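Enquirer: Quick one, my_file-v2.tsv (TSV, C-alpha atoms and all ligand atoms):
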chain	number	residue	atom	x	y	z
V	1	MET	CA	4.48	1.82	22.49
V	2	ASN	CA	7.01	0.88	19.88
V	3	GLN	CA	4.49	-0.38	17.34
V	4	ILE	CA	5.40	-1.02	13.74
V	5	ARG	CA	2.72	0.38	11.44
V	6	ILE	CA	1.50	-1.64	8.47
V	7	ALA	CA	-1.00	-0.24	5.96
V	8	LEU	CA	-3.24	-2.56	3.94
V	9	ALA	CA	-4.05	-1.22	0.47
V	10	GLY	CA	-5.84	-2.73	-2.51
V	11	ASN	CA	-8.76	-2.63	-4.88
V	12	PRO	CA	-12.25	-2.96	-3.37
V	13	ASN	CA	-13.33	-6.46	-2.40
V	14	THR	CA	-9.95	-8.20	-2.50
V	15	GLY	CA	-10.17	-9.49	1.06
V	16	LYS	CA	-8.19	-6.80	2.90
V	17	SER	CA	-10.59	-6.72	5.83
V	18	THR	CA	-10.72	-10.53	5.95
V	19	LEU	CA	-6.92	-10.57	6.24
V	20	PHE	CA	-7.02	-7.69	8.72
V	21	ASN	CA	-9.58	-9.46	10.92
V	22	THR	CA	-7.67	-12.72	10.83
V	23	LEU	CA	-4.39	-11.09	11.85
V	24	THR	CA	-5.72	-8.64	14.43
V	25	GLY	CA	-8.57	-10.70	15.91
V	26	LEU	CA	-10.76	-8.51	18.08
V	27	LYS	CA	-8.01	-6.09	19.08
V	28	GLN	CA	-9.16	-3.32	16.75
V	29	HIS	CA	-10.58	0.19	16.95
V	30	THR	CA	-11.35	3.08	14.62
V	31	GLY	CA	-8.24	5.18	14.01
V	32	ASN	CA	-8.09	8.87	14.90
V	33	TRP	CA	-4.98	10.15	13.15
V	34	ALA	CA	-4.88	13.68	11.71
V	35	GLY	CA	-6.85	14.40	8.57
V	36	LYS	CA	-9.03	11.31	8.91
V	37	THR	CA	-12.37	11.80	7.23
V	38	VAL	CA	-13.17	8.21	6.35
V	39	ASP	CA	-13.59	5.58	9.04
V	40	ILE	CA	-10.46	3.47	9.09
V	41	LYS	CA	-9.99	0.42	11.24
V	42	GLU	CA	-6.78	-0.08	13.17
V	43	GLY	CA	-5.79	-3.23	14.95
V	44	ALA	CA	-2.80	-4.82	16.61
V	45	PHE	CA	-1.01	-8.14	16.55
V	46	VAL	CA	2.22	-9.58	17.88
V	47	HIS	CA	4.58	-11.80	15.90
V	48	LYS	CA	7.88	-13.13	17.22
V	49	GLY	CA	7.83	-10.66	20.10
V	50	LYS	CA	7.32	-7.62	17.87
V	51	SER	CA	4.19	-5.52	18.10
V	52	TYR	CA	2.47	-4.41	14.91
V	53	ASN	CA	-0.29	-1.90	14.27
V	54	MET	CA	-2.31	-2.64	11.15
V	55	ILE	CA	-4.36	-0.03	9.28
V	56	ASP	CA	-7.12	-1.25	6.95
V	57	LEU	CA	-7.26	1.42	4.23
V	58	PRO	CA	-10.37	1.84	2.06
V	59	GLY	CA	-10.38	-0.21	-1.16
V	60	THR	CA	-9.60	1.91	-4.24
V	61	TYR	CA	-8.86	1.40	-7.93
V	62	SER	CA	-6.17	4.08	-7.94
V	63	LEU	CA	-4.47	6.58	-5.62
V	64	PHE	CA	-5.15	9.89	-7.33
V	65	SER	CA	-7.66	12.44	-6.07
V	66	ASN	CA	-10.78	10.93	-7.65
V	67	SER	CA	-12.57	10.28	-4.38
V	68	LEU	CA	-12.30	10.70	-0.64
V	69	ASP	CA	-11.34	7.04	-0.33
V	70	GLU	CA	-8.45	7.44	-2.78
V	71	GLU	CA	-7.23	10.59	-1.05
V	72	THR	CA	-7.46	8.92	2.35
V	73	ALA	CA	-5.49	5.86	1.27
V	74	ARG	CA	-2.87	7.95	-0.56
V	75	ASN	CA	-2.51	10.53	2.21
V	76	PHE	CA	-2.01	7.82	4.78
V	77	ILE	CA	0.84	6.22	2.84
V	78	VAL	CA	2.50	9.52	1.87
V	79	PHE	CA	2.09	11.55	5.03
V	80	GLU	CA	1.67	9.06	7.85
V	81	LYS	CA	4.52	6.96	6.44
V	82	PRO	CA	3.77	3.44	7.70
V	83	GLU	CA	6.88	1.26	8.05
V	84	LEU	CA	5.36	-1.19	5.56
V	85	THR	CA	2.50	-1.23	3.05
V	86	ILE	CA	0.89	-4.51	2.06
V	87	VAL	CA	-0.91	-4.41	-1.27
V	88	VAL	CA	-3.63	-7.05	-1.59
V	89	PRO	CA	-4.46	-7.90	-5.21
V	90	ASP	CA	-7.19	-10.35	-6.23
V	91	ALA	CA	-5.56	-13.43	-7.79
V	92	THR	CA	-8.51	-13.89	-10.16
V	93	ALA	CA	-8.01	-10.40	-11.68
V	94	LEU	CA	-4.29	-9.94	-11.18
V	95	GLU	CA	-3.51	-7.81	-14.22
V	96	ARG	CA	-6.15	-5.21	-13.37
V	97	ASN	CA	-5.15	-5.26	-9.70
V	98	LEU	CA	-1.45	-4.74	-10.39
V	99	ASN	CA	-2.24	-1.21	-11.57
V	100	LEU	CA	-2.81	-0.15	-7.98
V	101	ALA	CA	0.23	-2.13	-6.84
V	102	LEU	CA	2.43	-0.14	-9.27
V	103	GLN	CA	1.01	3.09	-7.91
V	104	VAL	CA	1.87	2.06	-4.37
V	105	LEU	CA	5.40	1.16	-5.50
V	106	GLU	CA	5.79	4.75	-6.73
V	107	LEU	CA	4.79	6.05	-3.32
V	108	THR	CA	6.85	4.09	-0.85
V	109	GLU	CA	9.81	1.70	-0.57
V	110	LYS	CA	8.78	-1.06	1.79
V	111	VAL	CA	5.97	-2.98	0.13
V	112	ILE	CA	4.77	-6.59	0.13
V	113	VAL	CA	2.43	-7.73	-2.62
V	114	CYS	CA	0.12	-10.24	-0.98
V	115	ILE	CA	-2.01	-11.91	-3.64
V	116	ASN	CA	-5.28	-13.07	-2.09
V	117	LEU	CA	-8.15	-15.35	-3.20
V	118	MET	CA	-5.67	-17.99	-4.33
V	119	ASP	CA	-8.30	-20.66	-3.61
V	120	GLU	CA	-10.61	-19.06	-6.19
V	121	ALA	CA	-7.80	-18.66	-8.71
V	122	GLU	CA	-6.83	-22.32	-8.34
V	123	LYS	CA	-10.43	-23.38	-8.96
V	124	MET	CA	-10.35	-21.33	-12.16
V	125	GLY	CA	-7.08	-22.93	-13.25
V	126	ILE	CA	-5.14	-19.68	-12.92
V	127	ARG	CA	-1.48	-20.19	-12.08
V	128	ILE	CA	0.68	-17.39	-10.75
V	129	ASN	CA	4.48	-17.47	-10.76
V	130	GLU	CA	5.28	-15.28	-7.78
V	131	LYS	CA	9.04	-15.54	-8.30
V	132	ILE	CA	8.85	-13.85	-11.71
V	133	LEU	CA	6.52	-11.21	-10.29
V	134	MET	CA	8.89	-10.63	-7.40
V	135	ARG	CA	11.81	-10.04	-9.75
V	136	ARG	CA	9.77	-7.72	-11.96
V	137	LEU	CA	8.28	-5.69	-9.10
V	138	GLY	CA	11.38	-5.58	-6.87
V	139	VAL	CA	9.45	-6.47	-3.70
V	140	PRO	CA	8.30	-9.72	-2.05
V	141	VAL	CA	5.21	-11.38	-3.51
V	142	ILE	CA	3.24	-13.84	-1.36
V	143	LYS	CA	0.21	-15.93	-2.32
V	144	ILE	CA	-2.50	-16.39	0.30
V	145	SER	CA	-6.10	-17.26	0.89
V	146	ALA	CA	-7.25	-15.04	3.73
V	147	ARG	CA	-10.52	-16.95	4.01
V	148	ASN	CA	-8.82	-20.37	4.26
V	149	LYS	CA	-5.91	-18.94	6.25
V	150	THR	CA	-3.29	-20.38	3.88
V	151	GLY	CA	0.02	-18.61	3.30
V	152	LEU	CA	-0.24	-16.56	6.49
V	153	PRO	CA	2.86	-17.92	8.30
V	154	LEU	CA	5.01	-16.98	5.28
V	155	LEU	CA	3.34	-13.57	5.11
V	156	LEU	CA	4.07	-12.92	8.81
V	157	ASP	CA	7.71	-13.96	8.46
V	158	THR	CA	8.09	-11.80	5.35
V	159	ILE	CA	6.58	-8.82	7.20
V	160	GLU	CA	9.19	-9.25	9.92
V	161	ARG	CA	12.04	-9.63	7.45
V	162	VAL	CA	11.06	-6.62	5.34
V	163	VAL	CA	10.58	-4.39	8.38
V	164	THR	CA	13.96	-5.38	9.83
V	165	GLY	CA	15.64	-4.95	6.45
V	166	VAL	CA	16.66	-8.62	6.10
V	167	ILE	CA	14.72	-8.61	2.82
V	168	PRO	CA	15.55	-5.42	0.90
V	169	CYS	CA	12.89	-3.79	-1.29
V	170	SER	CA	13.72	-1.96	-4.50
V	171	PRO	CA	10.33	-1.24	-6.00
V	172	VAL	CA	10.20	-0.93	-9.78
V	173	LYS	CA	9.51	2.58	-11.03
V	174	VAL	CA	7.28	2.83	-14.06
V	175	GLN	CA	9.08	4.47	-17.00
V	176	TYR	CA	6.96	6.99	-18.89
V	177	ASP	CA	7.30	8.34	-22.44
V	178	ASP	CA	10.36	10.44	-23.31
V	179	GLU	CA	8.57	13.76	-23.03
V	180	THR	CA	7.27	12.98	-19.54
V	181	GLU	CA	10.66	11.66	-18.42
V	182	GLN	CA	12.32	14.88	-19.63
V	183	LYS	CA	9.86	17.00	-17.72
V	184	LEU	CA	10.43	14.83	-14.66
V	185	GLU	CA	14.17	15.38	-14.90
V	186	TYR	CA	13.56	19.12	-14.91
V	187	LEU	CA	11.09	19.09	-12.02
V	188	LEU	CA	12.76	16.57	-9.73
V	189	PRO	CA	15.58	18.75	-8.33
V	190	MET	CA	13.13	21.54	-7.51
V	191	VAL	CA	10.72	19.21	-5.80
V	192	GLN	CA	13.59	17.68	-3.85
V	193	LYS	CA	14.76	21.14	-2.79
V	194	VAL	CA	11.35	22.05	-1.39
V	195	PHE	CA	10.36	18.78	0.20
V	196	GLY	CA	13.63	16.95	0.84
V	197	ASN	CA	12.86	13.38	1.82
V	198	ASN	CA	9.45	14.23	3.22
V	199	VAL	CA	7.54	13.31	0.08
V	200	PRO	CA	8.58	10.86	-2.67
V	201	ALA	CA	9.98	13.29	-5.24
V	202	ARG	CA	9.42	11.36	-8.47
V	203	TRP	CA	5.84	10.57	-7.54
V	204	LEU	CA	5.12	14.16	-6.52
V	205	SER	CA	6.66	15.47	-9.75
V	206	LEU	CA	4.33	13.18	-11.70
V	207	ARG	CA	1.34	14.50	-9.79
V	208	LEU	CA	2.43	18.07	-10.49
V	209	LEU	CA	2.55	17.25	-14.19
V	210	ASP	CA	-0.93	15.80	-13.79
V	211	GLY	CA	-2.10	19.07	-12.24
V	212	ASP	CA	-3.51	17.31	-9.18
V	213	GLU	CA	-4.87	20.37	-7.36
V	214	LYS	CA	-6.35	18.53	-4.41
V	215	LEU	CA	-2.94	17.09	-3.65
V	216	LEU	CA	-1.38	20.55	-3.93
V	217	GLU	CA	-3.86	21.89	-1.39
V	218	GLU	CA	-3.12	19.01	0.93
V	219	LEU	CA	0.61	19.72	0.64
V	220	LYS	CA	0.09	23.43	1.28
V	221	ASP	CA	-1.96	22.71	4.40
V	222	ARG	CA	0.55	20.23	5.74
V	223	HIS	CA	3.62	22.22	4.76
V	224	LEU	CA	2.34	25.51	6.16
V	225	SER	CA	1.27	23.96	9.43
V	226	LYS	CA	4.54	21.98	9.45
V	227	GLU	CA	2.57	18.95	10.57
V	228	GLY	CA	2.87	15.59	8.95
V	229	LEU	CA	5.94	16.70	7.04
V	230	ASN	CA	8.71	15.98	9.44
J	1	LIG	N1	-12.77	-17.41	-1.78
J	1	LIG	C1	-12.22	-16.46	-1.02
J	1	LIG	N2	-12.95	-15.41	-0.63
J	1	LIG	C2	-12.36	-14.48	0.12
J	1	LIG	C3	-11.02	-14.55	0.51
J	1	LIG	N3	-10.73	-13.46	1.25
J	1	LIG	C4	-11.85	-12.74	1.31
J	1	LIG	N4	-12.84	-13.33	0.63
J	1	LIG	C5	-14.22	-12.86	0.46
J	1	LIG	O1	-14.20	-11.71	-0.36
J	1	LIG	C6	-15.22	-10.79	0.02
J	1	LIG	C7	-14.62	-9.42	0.28
J	1	LIG	O2	-13.79	-9.49	1.42
J	1	LIG	P1	-13.37	-8.20	2.28
J	1	LIG	O3	-12.39	-8.67	3.28
J	1	LIG	O4	-14.56	-7.50	2.79
J	1	LIG	O5	-12.68	-7.33	1.15
J	1	LIG	P2	-12.07	-5.86	1.28
J	1	LIG	O6	-10.87	-5.82	0.44
J	1	LIG	O7	-11.93	-5.49	2.71
J	1	LIG	O8	-13.22	-4.99	0.60
J	1	LIG	P3	-13.34	-3.37	0.67
J	1	LIG	O9	-13.16	-2.96	2.10
J	1	LIG	O10	-14.70	-3.11	0.14
J	1	LIG	O11	-12.29	-2.82	-0.22
J	1	LIG	C8	-15.87	-11.39	1.25
J	1	LIG	O12	-17.05	-12.06	0.86
J	1	LIG	C9	-14.83	-12.39	1.76
J	1	LIG	O13	-15.39	-13.46	2.47
J	1	LIG	C10	-10.26	-15.70	0.09
J	1	LIG	O14	-9.08	-15.86	0.38
J	1	LIG	N5	-10.91	-16.60	-0.70
J	2	MG	MG	-12.62	-3.79	3.76
Would you mind writing the file out in structure tokens?

Expert:
Amino acid sequence: MNQIRIALAGNPNTGKSTLFNTLTGLKQHTGNWAGKTVDIKEGAFVHKGKSYNMIDLPGTYSLFSNSLDEETARNFIVFEKPELTIVVPDATALERNLNLALQVLELTEKVIVCINLMDEAEKMGIRINEKILMRRLGVPVIKISARNKTGLPLLLDTIERVVTGVIPCSPVKVQYDDETEQKLEYLLPMVQKVFGNNVPARWLSLRLLDGDEKLLEELKDRHLSKEGLN
């Protein structure tokens, strides 16, 4: 049972489930990991002899605590720690969709940005230079059409190469205003002391500055029960 876990994240309606269904076929079931309150589909696929477990997270516009869907997607990435997270932006609304991608890059290291609906974008005359995006974001960027099944072989190979470390990821970290950065500098060592490598320290410090109480409760529950934080 040495399955490599891949989470699919993205805004609503960007074709995550279409991609999920194409990759996993009918080998899927509803997940039952701890803390699950929203139905999440899990499925499996094999590529080049390696077995992958894919988790289709709910579509969200951000990863704060605005809704159960946001909390579910965020908690999965932070606490369940999948080996890889694939963000699926909509090529026809890339700028808006990259907001969520940047939030995911604050949460975890191994990320692939998999831009979907390229067929639609092409019809609209939208051109996307994935090489520039890749350099700016610090992680692989792939263009696909999940519906037409284009770009999938490259996606699968990139998944394998990111998971095995052949392609390194160094996700860009958003720089905030001076005041926020100063506060972060102050908070970071304390957060690191309490949580070590269990939770991404810069991201958590930002949430503390935000006063995200739901996240604090989640951390208390998980830290006190010593589950999910090991
Ligand atoms: N033209 C085009 N349509 C697509 C593509 N991928 C998905 N779609 C369509 O986009 C719509 C939404 O697809 P879903 O796979 O349900 O999107 P989702 O991201 O899972 O949506 P949520 O679960 O609500 O967040 C469906 O009508 C799909 O058929 C694509 O590559 N090209
Ligand atoms: Mg879906």

Enquirer: Measure the distance from CA of Tyr52 in chain V to atom C5 of ligand LIG 1 (chain J) in Å and round it to one decimal.

Expert: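 Computing the Euclidean distance for CA of Tyr52 in chain V and atom C5 of ligand LIG 1 (chain J) yields 23.6 Å.
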
Enquirer: Mind pulling up the distance from CA of Pro58 in chain V to atom C4 of ligand LIG 1 (chain J)?

Expert: 14.7 Å

Enquirer: Give as number ranges by chain the residues surrounding ligand MG 2 (chain J) up to a distance of 12 Å, considering all atoms listed in the file.

Expert: V: 8-21, 39-42, 55-60, 69, 88

Enquirer: Please indicate the distance in Å from atom O3 of ligand LIG 1 (chain J) to CA of Ile4 in chain V, rounded to one decimal place.

Expert: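 Here the two named atoms are 22.0 Å from each other.
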
Enquirer: Range 114-121 of chain V: which residues within 6 Å, counting only C-alpha atoms, same-chain residues fewer than 3 positions away excluded, as a PDB file with C-alpha atoms, in the coordinates of the input?

Expert:
ATOM      1  CA  VAL V  87      -0.910  -4.410  -1.270  1.00  0.00           C
ATOM      2  CA  VAL V  88      -3.630  -7.050  -1.590  1.00  0.00           C
ATOM      3  CA  PRO V  89      -4.460  -7.900  -5.210  1.00  0.00           C
ATOM      4  CA  ASP V  90      -7.190 -10.350  -6.230  1.00  0.00           C
ATOM      5  CA  ALA V  91      -5.560 -13.430  -7.790  1.00  0.00           C
ATOM      6  CA  THR V  92      -8.510 -13.890 -10.160  1.00  0.00           C
ATOM      7  CA  MET V 124     -10.350 -21.330 -12.160  1.00  0.00           C
ATOM      8  CA  ILE V 126      -5.140 -19.680 -12.920  1.00  0.00           C
ATOM      9  CA  VAL V 141       5.210 -11.380  -3.510  1.00  0.00           C
ATOM     10  CA  ILE V 142       3.240 -13.840  -1.360  1.00  0.00           C
ATOM     11  CA  LYS V 143       0.210 -15.930  -2.320  1.00  0.00           C
ATOM     12  CA  ILE V 144      -2.500 -16.390   0.300  1.00  0.00           C
ATOM     13  CA  SER V 145      -6.100 -17.260   0.890  1.00  0.00           C
TER      14      SER V 145
END

Enquirer: Ranking V:Lys193, V:Arg147, V:Arg202, V:Arg161 by minimum distance to ligand LIG 1 (chain J) and counting all atoms listed in the file, which one comes first?

Expert: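 With all atoms listed in the file as the atom set, the closest residue is V:Arg147.
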
Enquirer: Identify, on the basis of only C-alpha atoms, every residue whose closest approach to range 169-186 of chain V does not exceed 9 Å; exclude the query and any residue fewer than 4 positions from it along the same chain; express the result as a list in words.

Expert: Leu102, Gln103, Leu105, Glu106, Thr108, Glu109, Lys110, Val111, Ile112, Arg136, Leu137, Gly138, Val139, Pro140, Val162, Gly165, Met190, Arg202, Ser205, Leu206 and Leu209 of chain V

Enquirer: Between V:Val163, V:Val191, V:Leu63, V:Leu219, single out the one closest to Asn99 in chain V, counting only C-alpha atoms.

Expert: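 Using only C-alpha atoms, the shortest distance to Asn99 in chain V belongs to V:Leu63.
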
Enquirer: Between V:Leu215, V:Val46, V:Ile77, V:Val113, single out the one closest to Thr158 in chain V, counting only C-alpha atoms.

Expert: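 Residue with the minimum atom-to-atom distance to Thr158 in chain V: V:Val113.
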
Enquirer: Taking all atoms listed in the file into account, which of V:Ile128, V:Leu152, V:Val104, V:Met134 comes nearest ligand LIG 1 (chain J)?

Expert: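 Comparing V:Ile128, V:Leu152, V:Val104, V:Met134 against ligand LIG 1 (chain J), the winner is V:Leu152.
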
Enquirer: For each of V:Pro168, V:Gly151, V:Pro200, V:Pro82, take the minimum atom-to-atom distance to ligand LIG 1 (chain J), counting only C-alpha atoms and all ligand atoms, then give the residue where this is smallest.

Expert: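 Result for the nearest residue to ligand LIG 1 (chain J): V:Gly151.
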
Enquirer: Out of V:Thr22, V:Asn66, V:Gln192, V:Asn197, which residue has the shortest atom-to-atom distance to ligand LIG 1 (chain J) when counting all atoms listed in the file?

Expert: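 Checking each of V:Thr22, V:Asn66, V:Gln192, V:Asn197 against ligand LIG 1 (chain J), counting all atoms listed in the file, the winner is V:Thr22.
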
Enquirer: Just add N, CA and C atoms to range 142-173 of chain V and send it as a CSV table (one decimal), keeping the file's coordinate frame.

Expert:
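So the final result, stored in out_16.csv, reads:
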chain,number,residue,atom,x,y,z
V,142,ILE,N,3.7,-12.7,-2.1
V,142,ILE,CA,3.2,-13.8,-1.4
V,142,ILE,C,1.8,-14.2,-1.9
V,143,LYS,N,1.6,-15.5,-1.9
V,143,LYS,CA,0.2,-15.9,-2.3
V,143,LYS,C,-0.5,-16.5,-1.1
V,144,ILE,N,-1.7,-15.9,-0.9
V,144,ILE,CA,-2.5,-16.4,0.3
V,144,ILE,C,-4.0,-16.6,0.0
V,145,SER,N,-4.6,-17.3,0.9
V,145,SER,CA,-6.1,-17.3,0.9
V,145,SER,C,-6.5,-16.8,2.3
V,146,ALA,N,-6.9,-15.6,2.4
V,146,ALA,CA,-7.2,-15.0,3.7
V,146,ALA,C,-8.4,-15.8,4.3
V,147,ARG,N,-9.4,-16.2,3.5
V,147,ARG,CA,-10.5,-17.0,4.0
V,147,ARG,C,-10.1,-18.3,4.5
V,148,ASN,N,-9.2,-19.0,3.8
V,148,ASN,CA,-8.8,-20.4,4.3
V,148,ASN,C,-7.6,-20.3,5.2
V,149,LYS,N,-7.1,-19.1,5.4
V,149,LYS,CA,-5.9,-18.9,6.2
V,149,LYS,C,-4.7,-19.7,5.7
V,150,THR,N,-4.5,-19.8,4.4
V,150,THR,CA,-3.3,-20.4,3.9
V,150,THR,C,-2.3,-19.3,3.5
V,151,GLY,N,-1.0,-19.6,3.7
V,151,GLY,CA,0.0,-18.6,3.3
V,151,GLY,C,0.3,-17.6,4.4
V,152,LEU,N,-0.4,-17.6,5.5
V,152,LEU,CA,-0.2,-16.6,6.5
V,152,LEU,C,1.1,-16.6,7.3
V,153,PRO,N,1.6,-17.9,7.6
V,153,PRO,CA,2.9,-17.9,8.3
V,153,PRO,C,4.0,-17.3,7.5
V,154,LEU,N,4.0,-17.6,6.1
V,154,LEU,CA,5.0,-17.0,5.3
V,154,LEU,C,4.8,-15.5,5.2
V,155,LEU,N,3.6,-15.0,5.1
V,155,LEU,CA,3.3,-13.6,5.1
V,155,LEU,C,3.9,-12.9,6.4
V,156,LEU,N,3.6,-13.5,7.5
V,156,LEU,CA,4.1,-12.9,8.8
V,156,LEU,C,5.6,-12.9,8.9
V,157,ASP,N,6.2,-14.0,8.5
V,157,ASP,CA,7.7,-14.0,8.5
V,157,ASP,C,8.3,-12.9,7.5
V,158,THR,N,7.6,-12.8,6.3
V,158,THR,CA,8.1,-11.8,5.4
V,158,THR,C,7.9,-10.4,5.9
V,159,ILE,N,6.8,-10.1,6.6
V,159,ILE,CA,6.6,-8.8,7.2
V,159,ILE,C,7.8,-8.5,8.1
V,160,GLU,N,8.1,-9.5,9.0
V,160,GLU,CA,9.2,-9.2,9.9
V,160,GLU,C,10.5,-9.0,9.2
V,161,ARG,N,10.8,-9.7,8.1
V,161,ARG,CA,12.0,-9.6,7.4
V,161,ARG,C,12.1,-8.4,6.6
V,162,VAL,N,11.0,-7.9,6.1
V,162,VAL,CA,11.1,-6.6,5.3
V,162,VAL,C,11.2,-5.4,6.3
V,163,VAL,N,10.5,-5.5,7.4
V,163,VAL,CA,10.6,-4.4,8.4
V,163,VAL,C,12.0,-4.3,9.0
V,164,THR,N,12.6,-5.4,9.2
V,164,THR,CA,14.0,-5.4,9.8
V,164,THR,C,15.1,-5.2,8.8
V,165,GLY,N,14.7,-5.2,7.5
V,165,GLY,CA,15.6,-5.0,6.4
V,165,GLY,C,16.4,-6.2,6.0
V,166,VAL,N,16.0,-7.4,6.5
V,166,VAL,CA,16.7,-8.6,6.1
V,166,VAL,C,16.3,-8.9,4.6
V,167,ILE,N,15.1,-8.6,4.2
V,167,ILE,CA,14.7,-8.6,2.8
V,167,ILE,C,14.7,-7.2,2.3
V,168,PRO,N,15.6,-6.8,1.4
V,168,PRO,CA,15.6,-5.4,0.9
V,168,PRO,C,14.5,-5.3,-0.2
V,169,CYS,N,13.9,-4.1,-0.3
V,169,CYS,CA,12.9,-3.8,-1.3
V,169,CYS,C,13.5,-2.8,-2.2
V,170,SER,N,13.4,-3.0,-3.5
V,170,SER,CA,13.7,-2.0,-4.5
V,170,SER,C,12.6,-1.9,-5.5
V,171,PRO,N,11.5,-1.2,-5.2
V,171,PRO,CA,10.3,-1.2,-6.0
V,171,PRO,C,10.6,-0.7,-7.4
V,172,VAL,N,10.0,-1.4,-8.4
V,172,VAL,CA,10.2,-0.9,-9.8
V,172,VAL,C,9.5,0.4,-10.0
V,173,LYS,N,10.1,1.3,-10.7
V,173,LYS,CA,9.5,2.6,-11.0
V,173,LYS,C,9.1,2.6,-12.5
